[in-house]
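**Student:** Structure file coords03.pdb (PDB, C-alpha atoms and all ligand atoms) is given on the next line.
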```
ATOM      1  CA  MET A 275      11.718  -3.930  -9.552  1.00  0.00           C
ATOM      2  CA  LYS A 276      11.067  -2.180  -6.310  1.00  0.00           C
ATOM      3  CA  ILE A 277       8.024  -1.384  -4.232  1.00  0.00           C
ATOM      4  CA  ILE A 278       7.716   2.125  -2.868  1.00  0.00           C
ATOM      5  CA  CYS A 279       5.217   2.544  -0.058  1.00  0.00           C
ATOM      6  CA  ILE A 280       3.604   5.624   1.388  1.00  0.00           C
ATOM      7  CA  GLY A 281       2.641   5.792   5.066  1.00  0.00           C
ATOM      8  CA  ARG A 282       0.199   8.105   6.831  1.00  0.00           C
ATOM      9  CA  ASN A 283      -1.710   9.316   3.793  1.00  0.00           C
ATOM     10  CA  TYR A 284      -5.238   9.239   5.247  1.00  0.00           C
ATOM     11  CA  ALA A 285      -6.086  11.380   8.286  1.00  0.00           C
ATOM     12  CA  LYS A 286      -8.360   8.814   9.960  1.00  0.00           C
ATOM     13  CA  HIS A 287      -5.687   6.127   9.776  1.00  0.00           C
ATOM     14  CA  ILE A 288      -3.147   8.514  11.339  1.00  0.00           C
ATOM     15  CA  GLU A 289      -5.612   9.023  14.194  1.00  0.00           C
ATOM     16  CA  GLU A 290      -6.244   5.317  14.761  1.00  0.00           C
ATOM     17  CA  LEU A 291      -2.513   4.653  15.218  1.00  0.00           C
ATOM     18  CA  ALA A 292      -2.064   7.883  17.232  1.00  0.00           C
ATOM     19  CA  ASN A 293       0.625   9.031  14.798  1.00  0.00           C
ATOM     20  CA  GLU A 294       1.548  12.606  14.034  1.00  0.00           C
ATOM     21  CA  LYS A 295       0.375  14.074  10.756  1.00  0.00           C
ATOM     22  CA  PRO A 296       3.551  14.292   8.652  1.00  0.00           C
ATOM     23  CA  GLU A 297       4.859  17.406   6.938  1.00  0.00           C
ATOM     24  CA  HIS A 298       5.890  15.344   3.909  1.00  0.00           C
ATOM     25  CA  PRO A 299       4.796  11.889   2.736  1.00  0.00           C
ATOM     26  CA  VAL A 300       6.265   9.034   4.795  1.00  0.00           C
ATOM     27  CA  VAL A 301       8.142   6.744   2.398  1.00  0.00           C
ATOM     28  CA  PHE A 302       9.594   3.261   2.773  1.00  0.00           C
ATOM     29  CA  LEU A 303      10.517   0.400   0.452  1.00  0.00           C
ATOM     30  CA  LYS A 304       9.813  -3.295   0.149  1.00  0.00           C
ATOM     31  CA  PRO A 305      12.094  -5.569  -1.913  1.00  0.00           C
ATOM     32  CA  ASP A 306      10.680  -7.721  -4.734  1.00  0.00           C
ATOM     33  CA  SER A 307      11.021 -10.759  -2.425  1.00  0.00           C
ATOM     34  CA  ALA A 308       8.176  -9.261  -0.340  1.00  0.00           C
ATOM     35  CA  ILE A 309       5.607  -9.988  -3.050  1.00  0.00           C
ATOM     36  CA  LEU A 310       3.271 -12.793  -2.065  1.00  0.00           C
ATOM     37  CA  PRO A 311       3.290 -15.233  -5.007  1.00  0.00           C
ATOM     38  CA  LYS A 312      -0.068 -15.410  -6.801  1.00  0.00           C
ATOM     39  CA  LYS A 313      -2.482 -18.021  -5.420  1.00  0.00           C
ATOM     40  CA  MET A 314      -0.255 -18.627  -2.388  1.00  0.00           C
ATOM     41  CA  PRO A 315      -1.629 -18.269   1.135  1.00  0.00           C
ATOM     42  CA  PHE A 316       0.060 -15.831   3.502  1.00  0.00           C
ATOM     43  CA  PHE A 317       1.787 -17.619   6.363  1.00  0.00           C
ATOM     44  CA  ILE A 318       1.906 -15.556   9.553  1.00  0.00           C
ATOM     45  CA  PRO A 319       5.629 -15.243  10.340  1.00  0.00           C
ATOM     46  CA  THR A 320       6.909 -16.652  13.613  1.00  0.00           C
ATOM     47  CA  PHE A 321       8.463 -13.321  14.630  1.00  0.00           C
ATOM     48  CA  SER A 322       5.129 -11.520  14.978  1.00  0.00           C
ATOM     49  CA  ASP A 323       1.964 -11.947  17.032  1.00  0.00           C
ATOM     50  CA  ASN A 324       0.228  -8.995  15.451  1.00  0.00           C
ATOM     51  CA  VAL A 325       0.333  -8.830  11.648  1.00  0.00           C
ATOM     52  CA  HIS A 326      -2.058  -6.167  10.351  1.00  0.00           C
ATOM     53  CA  TYR A 327      -3.718  -5.811   6.954  1.00  0.00           C
ATOM     54  CA  GLU A 328      -3.520  -2.397   5.256  1.00  0.00           C
ATOM     55  CA  VAL A 329      -5.404  -2.276   1.963  1.00  0.00           C
ATOM     56  CA  GLU A 330      -3.941   0.221  -0.508  1.00  0.00           C
ATOM     57  CA  VAL A 331      -4.414   1.478  -4.057  1.00  0.00           C
ATOM     58  CA  LEU A 332      -1.417   0.646  -6.259  1.00  0.00           C
ATOM     59  CA  VAL A 333      -0.008   2.154  -9.427  1.00  0.00           C
ATOM     60  CA  LYS A 334       2.488   0.408 -11.685  1.00  0.00           C
ATOM     61  CA  ILE A 335       5.207   2.520 -13.253  1.00  0.00           C
ATOM     62  CA  ASN A 336       5.450   2.158 -17.043  1.00  0.00           C
ATOM     63  CA  LYS A 337       8.752   3.917 -17.876  1.00  0.00           C
ATOM     64  CA  VAL A 338      11.899   5.366 -16.367  1.00  0.00           C
ATOM     65  CA  GLY A 339      11.475   8.706 -14.631  1.00  0.00           C
ATOM     66  CA  LYS A 340      13.242  11.006 -12.209  1.00  0.00           C
ATOM     67  CA  HIS A 341      12.240  14.446 -10.892  1.00  0.00           C
ATOM     68  CA  ILE A 342       8.791  14.019 -12.410  1.00  0.00           C
ATOM     69  CA  ALA A 343       6.565  17.090 -12.200  1.00  0.00           C
ATOM     70  CA  THR A 344       3.126  16.441 -10.669  1.00  0.00           C
ATOM     71  CA  LYS A 345       1.366  17.558 -13.844  1.00  0.00           C
ATOM     72  CA  PHE A 346       3.240  14.909 -15.867  1.00  0.00           C
ATOM     73  CA  ALA A 347       3.042  12.125 -13.258  1.00  0.00           C
ATOM     74  CA  HIS A 348       0.002  10.501 -14.911  1.00  0.00           C
ATOM     75  CA  LYS A 349       2.192   9.675 -17.947  1.00  0.00           C
ATOM     76  CA  TYR A 350       4.297   7.346 -15.785  1.00  0.00           C
ATOM     77  CA  TYR A 351       1.575   4.782 -15.020  1.00  0.00           C
ATOM     78  CA  ASP A 352      -1.053   3.091 -17.181  1.00  0.00           C
ATOM     79  CA  THR A 353      -2.562   0.732 -14.662  1.00  0.00           C
ATOM     80  CA  VAL A 354      -4.095   0.883 -11.215  1.00  0.00           C
ATOM     81  CA  GLY A 355      -4.464  -1.971  -8.780  1.00  0.00           C
ATOM     82  CA  LEU A 356      -5.121  -2.920  -5.197  1.00  0.00           C
ATOM     83  CA  GLY A 357      -2.951  -4.682  -2.654  1.00  0.00           C
ATOM     84  CA  ILE A 358      -2.166  -5.134   1.011  1.00  0.00           C
ATOM     85  CA  ASP A 359       0.805  -3.729   2.889  1.00  0.00           C
ATOM     86  CA  LEU A 360       1.012  -6.464   5.531  1.00  0.00           C
ATOM     87  CA  THR A 361       2.666  -5.046   8.616  1.00  0.00           C
ATOM     88  CA  ALA A 362       4.075  -6.738  11.709  1.00  0.00           C
ATOM     89  CA  ARG A 363       2.631  -4.073  14.001  1.00  0.00           C
ATOM     90  CA  ASP A 364       4.364  -5.349  17.136  1.00  0.00           C
ATOM     91  CA  VAL A 365       7.761  -5.334  15.402  1.00  0.00           C
ATOM     92  CA  GLN A 366       7.037  -1.894  13.940  1.00  0.00           C
ATOM     93  CA  ALA A 367       6.124  -0.525  17.385  1.00  0.00           C
ATOM     94  CA  LYS A 368       9.536  -1.616  18.710  1.00  0.00           C
ATOM     95  CA  CYS A 369      11.314  -0.065  15.725  1.00  0.00           C
ATOM     96  CA  LYS A 370       9.417   3.212  16.145  1.00  0.00           C
ATOM     97  CA  GLU A 371      10.136   3.317  19.873  1.00  0.00           C
ATOM     98  CA  LYS A 372      13.863   3.063  19.208  1.00  0.00           C
ATOM     99  CA  GLY A 373      13.858   5.236  16.090  1.00  0.00           C
ATOM    100  CA  LEU A 374      15.030   2.279  13.989  1.00  0.00           C
ATOM    101  CA  PRO A 375      14.177   1.491  10.348  1.00  0.00           C
ATOM    102  CA  TRP A 376      10.913  -0.361   9.662  1.00  0.00           C
ATOM    103  CA  GLU A 377      12.066  -3.048   7.214  1.00  0.00           C
ATOM    104  CA  LYS A 378      11.708  -6.006   9.565  1.00  0.00           C
ATOM    105  CA  ALA A 379       8.088  -4.970  10.164  1.00  0.00           C
ATOM    106  CA  LYS A 380       7.210  -4.028   6.602  1.00  0.00           C
ATOM    107  CA  ALA A 381       9.455  -5.724   4.040  1.00  0.00           C
ATOM    108  CA  PHE A 382       9.437  -9.389   5.038  1.00  0.00           C
ATOM    109  CA  ASP A 383       8.575 -12.218   2.625  1.00  0.00           C
ATOM    110  CA  GLY A 384       4.925 -12.200   1.606  1.00  0.00           C
ATOM    111  CA  SER A 385       4.246  -8.757   3.080  1.00  0.00           C
ATOM    112  CA  ALA A 386       3.215  -7.246  -0.264  1.00  0.00           C
ATOM    113  CA  VAL A 387      -0.061  -8.575  -1.633  1.00  0.00           C
ATOM    114  CA  VAL A 388      -0.360  -7.364  -5.230  1.00  0.00           C
ATOM    115  CA  GLY A 389      -3.722  -7.933  -6.884  1.00  0.00           C
ATOM    116  CA  GLU A 390      -4.926  -7.397 -10.430  1.00  0.00           C
ATOM    117  CA  PHE A 391      -4.157  -4.208 -12.323  1.00  0.00           C
ATOM    118  CA  TYR A 392      -6.704  -2.398 -14.513  1.00  0.00           C
ATOM    119  CA  PRO A 393      -6.324   0.350 -17.134  1.00  0.00           C
ATOM    120  CA  LYS A 394      -6.238   3.758 -15.438  1.00  0.00           C
ATOM    121  CA  GLU A 395      -8.873   5.021 -17.901  1.00  0.00           C
ATOM    122  CA  GLU A 396     -11.389   3.012 -15.869  1.00  0.00           C
ATOM    123  CA  PHE A 397     -10.839   5.306 -12.893  1.00  0.00           C
ATOM    124  CA  ASP A 398     -11.070   8.890 -11.772  1.00  0.00           C
ATOM    125  CA  MET A 399      -7.774   8.836  -9.867  1.00  0.00           C
ATOM    126  CA  GLU A 400      -9.045  11.281  -7.255  1.00  0.00           C
ATOM    127  CA  ASN A 401     -12.234   9.338  -6.615  1.00  0.00           C
ATOM    128  CA  ILE A 402     -11.486   5.618  -6.469  1.00  0.00           C
ATOM    129  CA  SER A 403     -13.517   3.624  -3.977  1.00  0.00           C
ATOM    130  CA  PHE A 404     -12.007   0.460  -2.560  1.00  0.00           C
ATOM    131  CA  GLN A 405     -12.700  -2.018   0.217  1.00  0.00           C
ATOM    132  CA  LEU A 406     -11.108  -4.859   2.098  1.00  0.00           C
ATOM    133  CA  LYS A 407     -13.328  -7.669   3.280  1.00  0.00           C
ATOM    134  CA  LYS A 408     -12.308 -10.085   6.000  1.00  0.00           C
ATOM    135  CA  ASN A 409     -14.289 -13.313   5.893  1.00  0.00           C
ATOM    136  CA  GLY A 410     -16.939 -11.539   3.815  1.00  0.00           C
ATOM    137  CA  GLU A 411     -17.311  -8.501   6.065  1.00  0.00           C
ATOM    138  CA  VAL A 412     -16.054  -5.039   5.051  1.00  0.00           C
ATOM    139  CA  VAL A 413     -13.266  -3.996   7.439  1.00  0.00           C
ATOM    140  CA  GLN A 414     -11.732  -1.139   5.437  1.00  0.00           C
ATOM    141  CA  ASP A 415     -13.648   1.185   3.157  1.00  0.00           C
ATOM    142  CA  GLY A 416     -11.639   3.933   1.486  1.00  0.00           C
ATOM    143  CA  ASN A 417     -11.690   6.479  -1.277  1.00  0.00           C
ATOM    144  CA  THR A 418      -8.675   8.194  -2.829  1.00  0.00           C
ATOM    145  CA  LYS A 419     -10.492  11.529  -2.515  1.00  0.00           C
ATOM    146  CA  THR A 420      -9.592  11.526   1.198  1.00  0.00           C
ATOM    147  CA  MET A 421      -5.836  11.127   0.596  1.00  0.00           C
ATOM    148  CA  LEU A 422      -3.599  13.809   2.110  1.00  0.00           C
ATOM    149  CA  TRP A 423      -1.354  13.605  -0.966  1.00  0.00           C
ATOM    150  CA  LYS A 424      -2.906  12.666  -4.288  1.00  0.00           C
ATOM    151  CA  ILE A 425      -1.438   9.864  -6.381  1.00  0.00           C
ATOM    152  CA  ASP A 426       0.228  12.198  -8.892  1.00  0.00           C
ATOM    153  CA  GLU A 427       1.783  14.191  -6.061  1.00  0.00           C
ATOM    154  CA  LEU A 428       3.148  10.958  -4.599  1.00  0.00           C
ATOM    155  CA  VAL A 429       4.665   9.834  -7.922  1.00  0.00           C
ATOM    156  CA  SER A 430       6.326  13.232  -8.213  1.00  0.00           C
ATOM    157  CA  TYR A 431       7.525  13.228  -4.608  1.00  0.00           C
ATOM    158  CA  VAL A 432       9.094   9.773  -4.582  1.00  0.00           C
ATOM    159  CA  SER A 433      10.776  10.388  -7.961  1.00  0.00           C
ATOM    160  CA  GLN A 434      12.866  13.103  -6.328  1.00  0.00           C
ATOM    161  CA  TYR A 435      14.583  10.382  -4.300  1.00  0.00           C
ATOM    162  CA  PHE A 436      14.339   7.202  -6.375  1.00  0.00           C
ATOM    163  CA  THR A 437      14.578   6.770 -10.127  1.00  0.00           C
ATOM    164  CA  LEU A 438      11.303   5.126 -11.059  1.00  0.00           C
ATOM    165  CA  LYS A 439      11.626   2.183 -13.408  1.00  0.00           C
ATOM    166  CA  LYS A 440       9.192   0.192 -15.507  1.00  0.00           C
ATOM    167  CA  GLY A 441       7.482  -2.379 -13.288  1.00  0.00           C
ATOM    168  CA  ASP A 442       7.978  -0.554 -10.002  1.00  0.00           C
ATOM    169  CA  ILE A 443       4.849  -0.466  -7.852  1.00  0.00           C
ATOM    170  CA  ILE A 444       3.754   2.348  -5.565  1.00  0.00           C
ATOM    171  CA  PHE A 445       1.576   1.524  -2.543  1.00  0.00           C
ATOM    172  CA  THR A 446      -0.295   4.756  -1.853  1.00  0.00           C
ATOM    173  CA  GLY A 447      -1.213   4.370   1.834  1.00  0.00           C
ATOM    174  CA  THR A 448      -4.055   2.830   3.782  1.00  0.00           C
ATOM    175  CA  PRO A 449      -7.329   4.296   5.037  1.00  0.00           C
ATOM    176  CA  ALA A 450      -8.680   3.626   8.557  1.00  0.00           C
ATOM    177  CA  GLY A 451      -9.799   0.207   9.717  1.00  0.00           C
ATOM    178  CA  VAL A 452      -6.507  -1.705   9.841  1.00  0.00           C
ATOM    179  CA  GLY A 453      -6.555  -4.825  11.992  1.00  0.00           C
ATOM    180  CA  LYS A 454      -4.995  -8.132  12.856  1.00  0.00           C
ATOM    181  CA  VAL A 455      -4.991 -11.159  10.568  1.00  0.00           C
ATOM    182  CA  GLN A 456      -5.705 -14.564  12.010  1.00  0.00           C
ATOM    183  CA  GLU A 457      -5.224 -18.098  10.795  1.00  0.00           C
ATOM    184  CA  ASN A 458      -7.972 -19.146   8.356  1.00  0.00           C
ATOM    185  CA  ASP A 459      -9.019 -15.572   7.573  1.00  0.00           C
ATOM    186  CA  VAL A 460      -9.858 -14.862   3.941  1.00  0.00           C
ATOM    187  CA  LEU A 461      -9.058 -11.333   2.762  1.00  0.00           C
ATOM    188  CA  THR A 462     -10.736 -10.000  -0.358  1.00  0.00           C
ATOM    189  CA  GLY A 463      -9.850  -6.706  -2.028  1.00  0.00           C
ATOM    190  CA  ILE A 464     -12.361  -4.773  -4.123  1.00  0.00           C
ATOM    191  CA  ILE A 465     -11.624  -1.732  -6.234  1.00  0.00           C
ATOM    192  CA  GLN A 466     -14.566   0.047  -7.778  1.00  0.00           C
ATOM    193  CA  GLY A 467     -16.686  -3.091  -7.504  1.00  0.00           C
ATOM    194  CA  LYS A 468     -14.080  -5.436  -9.012  1.00  0.00           C
ATOM    195  CA  GLN A 469     -12.409  -8.166  -7.001  1.00  0.00           C
ATOM    196  CA  ALA A 470      -8.664  -7.546  -7.300  1.00  0.00           C
ATOM    197  CA  PHE A 471      -7.448 -10.331  -4.986  1.00  0.00           C
ATOM    198  CA  GLU A 472      -8.412 -12.984  -2.494  1.00  0.00           C
ATOM    199  CA  ILE A 473      -5.874 -14.427  -0.082  1.00  0.00           C
ATOM    200  CA  LYS A 474      -5.996 -16.984   2.675  1.00  0.00           C
ATOM    201  CA  ILE A 475      -4.126 -16.585   5.940  1.00  0.00           C
ATOM    202  CA  LYS A 476      -2.314 -19.637   7.322  1.00  0.00           C
TER     203      LYS A 476
HETATM  204 MG    MG B 501       0.712   0.960   4.492  1.00  0.00          MG
END
```
Render the structure in this file as structure tokens.

**Tutor:**
Amino acid sequence: MKIICIGRNYAKHIEELANEKPEHPVVFLKPDSAILPKKMPFFIPTFSDNVHYEVEVLVKINKVGKHIATKFAHKYYDTVGLGIDLTARDVQAKCKEKGLPWEKAKAFDGSAVVGEFYPKEEFDMENISFQLKKNGEVVQDGNTKTMLWKIDELVSYVSQYFTLKKGDIIFTGTPAGVGKVQENDVLTGIIQGKQAFEIKIK
């Protein structure tokens, strides 16, 4: 399986990182080795002094698809989840400066936190509220209604480039409020009132 991630999909997050608003969705990949094993803590890697959390709504692809039209995109996922796109912000800043690819900053081991998935019928895809708590305090509070590109548009867009396969996961971008993780932090993800994950930072 593969993980397809969307960057810069919420205006306020674009502002906080002083990025330009993109003309098209920003897309990058994480390999399956990036998934943090369930119940494992996240160990801050030695190559970064500034790993950021980015809480994101996830969808899991349920069948093969390519060149999917937006109006049919909803047929390609049954479940919705929540995760974290952990990002070595210092490494990413160096990559961006030099115009280099982002993988070392985005695709390292443990950088994809994947929480529980729930049936999509439980959600209005264009109005999903979700939060990230750090040590019990809300640090990110988002809603898919403020996305620049809606989830079905993203599924359609990425399927122009990559054949989607059963089990692939799409990370749909983070709202404002990203910040640094520190040793002993506990990060809790909540989607529509349900706790989708809890991870410890080591
Ligand atoms: Mg992200």

**Student:** Adding 3 Å on each side of the box along x, y and z that holds all listed atoms of region 432-442 of chain A, could you give its centre and edge lengths in Å to one decimal, as AutoDock Vina command-line options?

**Tutor:**
```
--center_x 11.0 --center_y 5.4 --center_z -9.9 --size_x 13.1 --size_y 21.5 --size_z 17.2
```

**Student:** When the cut-off is 12 Å and you count only C-alpha atoms and all ligand atoms, which residues lie near ligand MG 501 (chain B), shown as a VMD selection string?

**Tutor:** chain A and resid 277 to 284 287 to 288 291 299 to 304 326 to 332 356 to 363 366 376 379 to 381 385 to 387 444 to 453

**Student:** Which residues, named as in the file, does the PyMOL selection byres (((chain A and resi 389) around 8) and not hetatm) pick out? Answer as a PyMOL selection string.

**Tutor:** chain A and resi 355-357+387-388+390-391+463+470-471

**Student:** Please evaluate the PyMOL selection byres (((chain A and resi 333-342) around 7) and not hetatm) against the displayed coordinates and give the resulting residues as a count of residues only.

**Tutor:** 23

**Student:** Just want the 9 Å neighbourhood of His348 (chain A), counted on only C-alpha atoms, with same-chain residues fewer than 5 positions away dropped. Output as a ChimeraX atom specification.

**Tutor:** /A:425-426,429

**Student:** Let's have the selection written as a compact mmCIF listing (two decimals), in the frame of the given file, with C-alpha atoms.

**Tutor:**
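This is the output file result_33.txt:
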```
# COMPACT_ATOMS: atom_id res chain seq x y z
CA ILE A 425 -1.44 9.86 -6.38
CA ASP A 426 0.23 12.20 -8.89
CA VAL A 429 4.66 9.83 -7.92
```

**Student:** So how far away is CA of Ile465 (chain A) from CA of Trp423 (chain A), in Å?

**Tutor:** 19.2 Å
